[in-house]
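What follows is one structure encoded as structure tokens, with my remarks underneath.
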Amino acid sequence: MKVATWNVNSIKARLPNVLDWLREAAPDILLLQETKTITEDFPYLEFVDIGYTVAAHGQKSYNGVAIVSNRPIEVVATGLPGDDDDEQARYIEAWVDGVRVASIYLPNGNPVDSEKFYYKLAWMERLFLRARELLANEEVIVLGGDYNVCPTDGDVYDPDSWQGDALCRPESRAAYRKIIHLGYTDAFRVFHGELGRYSYWDYQGGAWHQDNGLRIDHLLLSPQAADRLETCDIDKKPRGKPKASDHTPVWCSILEKPDFGGWTSVAGNAKSK
DNA sequence: ATGACTCGCAACGCGAGA
């Protein structure tokens, strides 16, 4: 099963790009962020036409998340639990063919001397609580999305200039690691130790052409999902196309059943002796 | 260098993004 995440920066402006990528990359599940439309106005039919169904959670003008899949989607939650007053559409969670997935659009948090940074950190604490709650059931879980956190300086093209930014602040990184420390795995880093791999490039200042990027889009896997992790990568191609989003998809492949290597056959041989 | 932001919105400039 191929699971991807992509901040599309408006699903309506990006519709041809997203449909093209679905046809080319053929993920089984695509987690979308920044759809920027109310739930009712999501372009559902265009996805149905190419064999996908959609569960969306949106609001007017800003934010908005969705789950796209070629398999039935059973929505578990719209909106991140833990604050009934939070009306921002940044979280949708669903059960898809034996896998629990969430599409996450974590608040940016800038400027750091404003209420927005506190909102970001409070939101991350709520995400931590939800992530912890989910672990108890020992499920295959993929928490994917735009985390708006660069986990380390190696995920930033110019760490010095980003030092005080909400995406790189120690508080943001610690809140991110708090979720990792529960036992979630950053799927990309399982296969890629190299630095300077990015999922976002600003529209301004020729950032894309100079490879001035950030790695802020992540796929976090529960232990049971990590057991099945086959591969993970960032697909840079969509960022180079006309009318591109400023983010590009990150995807991983999850085996249908865990692969415990040769252990079962070794155990079988030992038993037969 | 020969190129340099892009969305939605009761919009014709603004706020937000990261």
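Ordering of the structure tokens sets the chain letters (A, B, ...); residue numbers start at 1 within each chain; ligands are numbered from 1 in the order shown.
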
Pick out the chain B residues within 7 Å of chain A. Count only C-alpha atoms (C1' of nucleotides). Give them as an MDAnalysis selection string.
chainID B and resid 4:5 7:8 18

Skipping near chain neighbours, those fewer than 4 positions away, what residues fall within 7 Å of segment 178-188 of chain A using only C-alpha atoms (C1' of nucleotides), listed as a PyMOL selection string?
chain A and resi 128+132+174+192+218-223+226+232-233

If we count only C-alpha atoms (C1' of nucleotides), what is near His57 of chain A at a cut-off of 6 Å, once residues fewer than 6 positions away on the same chain are taken out, given as a ChimeraX atom specification?
/A:39,64-66

Run DSSP on the backbone of this structure and report the residues of segment 15-183 of chain A it assigns to strand (DSSP E or B), as an NGL selection string.
:A and (29-33 or 53-57 or 65-69 or 74-78 or 91-96 or 99-105 or 141-146 or 156)

Written selection (C-alpha atoms) as a JSON list (two decimals), in the first residue's frame:
```json
[["chain", "number", "residue", "atom", "x", "y", "z"],
["A", 29, "ILE", "CA", -3.95, 6.91, -0.19],
["A", 30, "LEU", "CA", -3.13, 10.61, -0.64],
["A", 31, "LEU", "CA", -3.33, 12.94, 2.36],
["A", 32, "LEU", "CA", -3.96, 16.54, 1.31],
["A", 33, "GLN", "CA", -3.43, 19.81, 3.17],
["A", 53, "THR", "CA", -12.97, 8.64, -3.37],
["A", 54, "VAL", "CA", -12.49, 11.63, -1.07],
["A", 55, "ALA", "CA", -13.20, 12.51, 2.55],
["A", 56, "ALA", "CA", -12.73, 16.24, 3.07],
["A", 57, "HIS", "CA", -12.77, 18.62, 6.02],
["A", 65, "VAL", "CA", -7.50, 18.78, 4.79],
["A", 66, "ALA", "CA", -8.65, 15.71, 2.90],
["A", 67, "ILE", "CA", -8.04, 12.00, 2.42],
["A", 68, "VAL", "CA", -8.09, 10.57, -1.11],
["A", 69, "SER", "CA", -8.08, 6.82, -1.69],
["A", 74, "GLU", "CA", -14.32, 5.40, 6.99],
["A", 75, "VAL", "CA", -13.91, 8.79, 8.67],
["A", 76, "VAL", "CA", -13.06, 8.57, 12.38],
["A", 77, "ALA", "CA", -12.61, 12.26, 13.25],
["A", 78, "THR", "CA", -12.80, 15.71, 11.66],
["A", 91, "TYR", "CA", -7.10, 17.42, 10.95],
["A", 92, "ILE", "CA", -9.00, 14.50, 9.50],
["A", 93, "GLU", "CA", -8.57, 10.88, 10.57],
["A", 94, "ALA", "CA", -9.93, 7.78, 8.89],
["A", 95, "TRP", "CA", -9.75, 4.03, 8.65],
["A", 96, "VAL", "CA", -8.76, 2.81, 5.16],
["A", 99, "VAL", "CA", -4.77, 1.25, 8.16],
["A", 100, "ARG", "CA", -5.54, 4.27, 10.32],
["A", 101, "VAL", "CA", -4.45, 7.48, 8.61],
["A", 102, "ALA", "CA", -4.59, 11.16, 9.53],
["A", 103, "SER", "CA", -4.06, 14.17, 7.30],
["A", 104, "ILE", "CA", -2.44, 16.89, 9.41],
["A", 105, "TYR", "CA", -1.97, 20.59, 8.68],
["A", 141, "ILE", "CA", -1.08, 4.04, 11.73],
["A", 142, "VAL", "CA", 0.24, 6.72, 9.38],
["A", 143, "LEU", "CA", 0.09, 10.30, 10.69],
["A", 144, "GLY", "CA", 1.01, 12.28, 7.58],
["A", 145, "GLY", "CA", 0.99, 15.92, 6.68],
["A", 146, "ASP", "CA", 2.51, 19.36, 6.71],
["A", 156, "VAL", "CA", 16.99, 23.43, 6.41]]
```

Please measure the separation of atom C1' of DC9 of chain B and atom CA of Arg14 of chain A, giving the value in Å to one decimal.
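We find that atom C1' of DC9 of chain B and atom CA of Arg14 of chain A lie 17.7 Å from each other.
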
Pick the closest to Arg239 of chain A from A:Asn7, A:Phe191, A:Gly82, A:Lys12: which is it, counting only C-alpha atoms?
A:Asn7

Neighbours of Asp49 of chain A within 12 Å (only C-alpha atoms (C1' of nucleotides); same-chain residues fewer than 6 positions away dropped), as a count of residues only?
5

When DSSP works through the backbone of this structure, what residues of segment 34-208 of chain A end up as helix (DSSP H, G or I), shown as JSON, numbers by chain?
{"A": [39, 40, 41, 44, 45, 46, 47, 48, 115, 116, 117, 118, 119, 120, 121, 122, 123, 124, 125, 126, 127, 128, 129, 130, 131, 132, 133, 134, 135, 153, 154, 155, 159, 160, 161, 162, 170, 171, 172, 173, 174, 175, 176, 177, 178, 179, 180, 181, 187, 188, 189, 190, 191]}

Save out the residues we just selected, N, CA and C atoms, as a short mmCIF file (atom, residue, chain, number, x, y, z; two decimals), in the first residue's frame.
```cif
data_model
loop_
_atom_site.label_atom_id
_atom_site.label_comp_id
_atom_site.auth_asym_id
_atom_site.auth_seq_id
_atom_site.Cartn_x
_atom_site.Cartn_y
_atom_site.Cartn_z
N THR A 39 -15.98 22.29 2.76
CA THR A 39 -16.14 20.85 2.51
C THR A 39 -17.04 20.57 1.30
N GLU A 40 -18.14 21.34 1.19
CA GLU A 40 -19.12 21.08 0.13
C GLU A 40 -18.57 21.39 -1.25
N ASP A 41 -17.59 22.29 -1.33
CA ASP A 41 -17.10 22.72 -2.64
C ASP A 41 -15.85 21.96 -3.11
N TYR A 44 -15.05 16.77 -5.74
CA TYR A 44 -15.12 15.31 -5.53
C TYR A 44 -15.19 14.54 -6.85
N LEU A 45 -16.04 15.01 -7.77
CA LEU A 45 -16.35 14.21 -8.97
C LEU A 45 -15.13 13.99 -9.84
N GLU A 46 -14.23 14.99 -9.88
CA GLU A 46 -13.03 14.83 -10.69
C GLU A 46 -12.16 13.68 -10.19
N PHE A 47 -12.19 13.44 -8.89
CA PHE A 47 -11.44 12.32 -8.32
C PHE A 47 -12.15 10.99 -8.58
N VAL A 48 -13.46 10.99 -8.45
CA VAL A 48 -14.25 9.79 -8.71
C VAL A 48 -14.03 9.31 -10.14
N GLU A 115 0.31 35.37 19.39
CA GLU A 115 -0.59 34.31 19.84
C GLU A 115 -0.49 33.08 18.95
N LYS A 116 -0.05 33.28 17.71
CA LYS A 116 0.02 32.18 16.74
C LYS A 116 1.02 31.10 17.16
N PHE A 117 2.10 31.52 17.79
CA PHE A 117 3.11 30.53 18.22
C PHE A 117 2.57 29.68 19.38
N TYR A 118 1.82 30.33 20.28
CA TYR A 118 1.21 29.58 21.38
C TYR A 118 0.16 28.61 20.85
N TYR A 119 -0.58 29.06 19.85
CA TYR A 119 -1.58 28.18 19.23
C TYR A 119 -0.89 26.96 18.61
N LYS A 120 0.24 27.18 17.95
CA LYS A 120 0.99 26.08 17.35
C LYS A 120 1.40 25.05 18.42
N LEU A 121 2.00 25.54 19.49
CA LEU A 121 2.51 24.62 20.53
C LEU A 121 1.36 23.91 21.24
N ALA A 122 0.25 24.61 21.48
CA ALA A 122 -0.92 23.97 22.10
C ALA A 122 -1.50 22.91 21.17
N TRP A 123 -1.50 23.22 19.88
CA TRP A 123 -2.02 22.27 18.88
C TRP A 123 -1.14 21.01 18.86
N MET A 124 0.17 21.21 18.97
CA MET A 124 1.11 20.08 18.97
C MET A 124 0.93 19.22 20.21
N GLU A 125 0.61 19.84 21.33
CA GLU A 125 0.36 19.07 22.56
C GLU A 125 -0.90 18.22 22.40
N ARG A 126 -1.91 18.77 21.76
CA ARG A 126 -3.13 17.99 21.49
C ARG A 126 -2.84 16.85 20.52
N LEU A 127 -1.98 17.11 19.54
CA LEU A 127 -1.61 16.04 18.60
C LEU A 127 -0.85 14.94 19.33
N PHE A 128 0.02 15.34 20.25
CA PHE A 128 0.75 14.37 21.08
C PHE A 128 -0.23 13.47 21.85
N LEU A 129 -1.23 14.08 22.46
CA LEU A 129 -2.20 13.31 23.25
C LEU A 129 -2.98 12.33 22.36
N ARG A 130 -3.36 12.79 21.17
CA ARG A 130 -4.08 11.91 20.24
C ARG A 130 -3.17 10.77 19.78
N ALA A 131 -1.93 11.11 19.44
CA ALA A 131 -0.97 10.10 18.97
C ALA A 131 -0.72 9.05 20.05
N ARG A 132 -0.66 9.49 21.30
CA ARG A 132 -0.44 8.56 22.41
C ARG A 132 -1.64 7.65 22.62
N GLU A 133 -2.81 8.25 22.55
CA GLU A 133 -4.05 7.49 22.71
C GLU A 133 -4.15 6.37 21.67
N LEU A 134 -3.74 6.69 20.44
CA LEU A 134 -3.88 5.73 19.34
C LEU A 134 -2.95 4.54 19.47
N LEU A 135 -1.81 4.73 20.14
CA LEU A 135 -0.82 3.65 20.23
C LEU A 135 -1.35 2.43 20.98
N ASP A 153 18.58 20.91 11.94
CA ASP A 153 19.21 21.87 11.03
C ASP A 153 19.52 21.23 9.68
N GLY A 154 19.70 19.92 9.65
CA GLY A 154 19.96 19.22 8.39
C GLY A 154 18.77 19.19 7.45
N ASP A 155 17.63 19.66 7.96
CA ASP A 155 16.41 19.72 7.14
C ASP A 155 16.13 21.14 6.65
N PRO A 159 20.34 27.05 8.02
CA PRO A 159 19.88 26.99 9.41
C PRO A 159 20.04 28.31 10.16
N ASP A 160 21.12 29.04 9.89
CA ASP A 160 21.36 30.28 10.64
C ASP A 160 20.24 31.29 10.42
N SER A 161 19.81 31.42 9.15
CA SER A 161 18.79 32.43 8.85
C SER A 161 17.41 31.99 9.33
N TRP A 162 17.24 30.70 9.63
CA TRP A 162 15.94 30.18 10.07
C TRP A 162 15.89 29.92 11.57
N PRO A 170 13.47 25.75 18.99
CA PRO A 170 13.67 24.58 19.85
C PRO A 170 12.35 24.06 20.43
N GLU A 171 11.42 24.98 20.74
CA GLU A 171 10.14 24.55 21.31
C GLU A 171 9.36 23.70 20.30
N SER A 172 9.39 24.12 19.03
CA SER A 172 8.68 23.37 17.98
C SER A 172 9.33 22.00 17.77
N ARG A 173 10.66 22.00 17.75
CA ARG A 173 11.37 20.73 17.53
C ARG A 173 11.18 19.78 18.70
N ALA A 174 11.15 20.32 19.91
CA ALA A 174 10.94 19.47 21.09
C ALA A 174 9.54 18.88 21.09
N ALA A 175 8.56 19.69 20.68
CA ALA A 175 7.17 19.20 20.63
C ALA A 175 7.04 18.11 19.56
N TYR A 176 7.75 18.27 18.46
CA TYR A 176 7.77 17.24 17.41
C TYR A 176 8.43 15.96 17.94
N ARG A 177 9.58 16.11 18.59
CA ARG A 177 10.29 14.93 19.12
C ARG A 177 9.49 14.23 20.21
N LYS A 178 8.66 14.99 20.93
CA LYS A 178 7.83 14.38 21.96
C LYS A 178 6.91 13.32 21.35
N ILE A 179 6.44 13.57 20.15
CA ILE A 179 5.61 12.59 19.44
C ILE A 179 6.48 11.43 18.95
N ILE A 180 7.67 11.76 18.43
CA ILE A 180 8.60 10.71 17.99
C ILE A 180 8.95 9.79 19.17
N HIS A 181 9.17 10.38 20.32
CA HIS A 181 9.59 9.60 21.49
C HIS A 181 8.51 8.64 21.99
N ALA A 187 9.30 8.19 8.61
CA ALA A 187 9.54 7.18 7.57
C ALA A 187 10.69 7.56 6.64
N PHE A 188 10.81 8.84 6.32
CA PHE A 188 11.84 9.27 5.37
C PHE A 188 13.24 8.97 5.89
N ARG A 189 13.47 9.22 7.18
CA ARG A 189 14.81 9.06 7.73
C ARG A 189 15.23 7.60 7.92
N VAL A 190 14.29 6.66 7.80
CA VAL A 190 14.65 5.24 7.86
C VAL A 190 15.55 4.87 6.67
N PHE A 191 15.30 5.54 5.55
CA PHE A 191 16.03 5.19 4.32
C PHE A 191 17.02 6.26 3.88
#
```
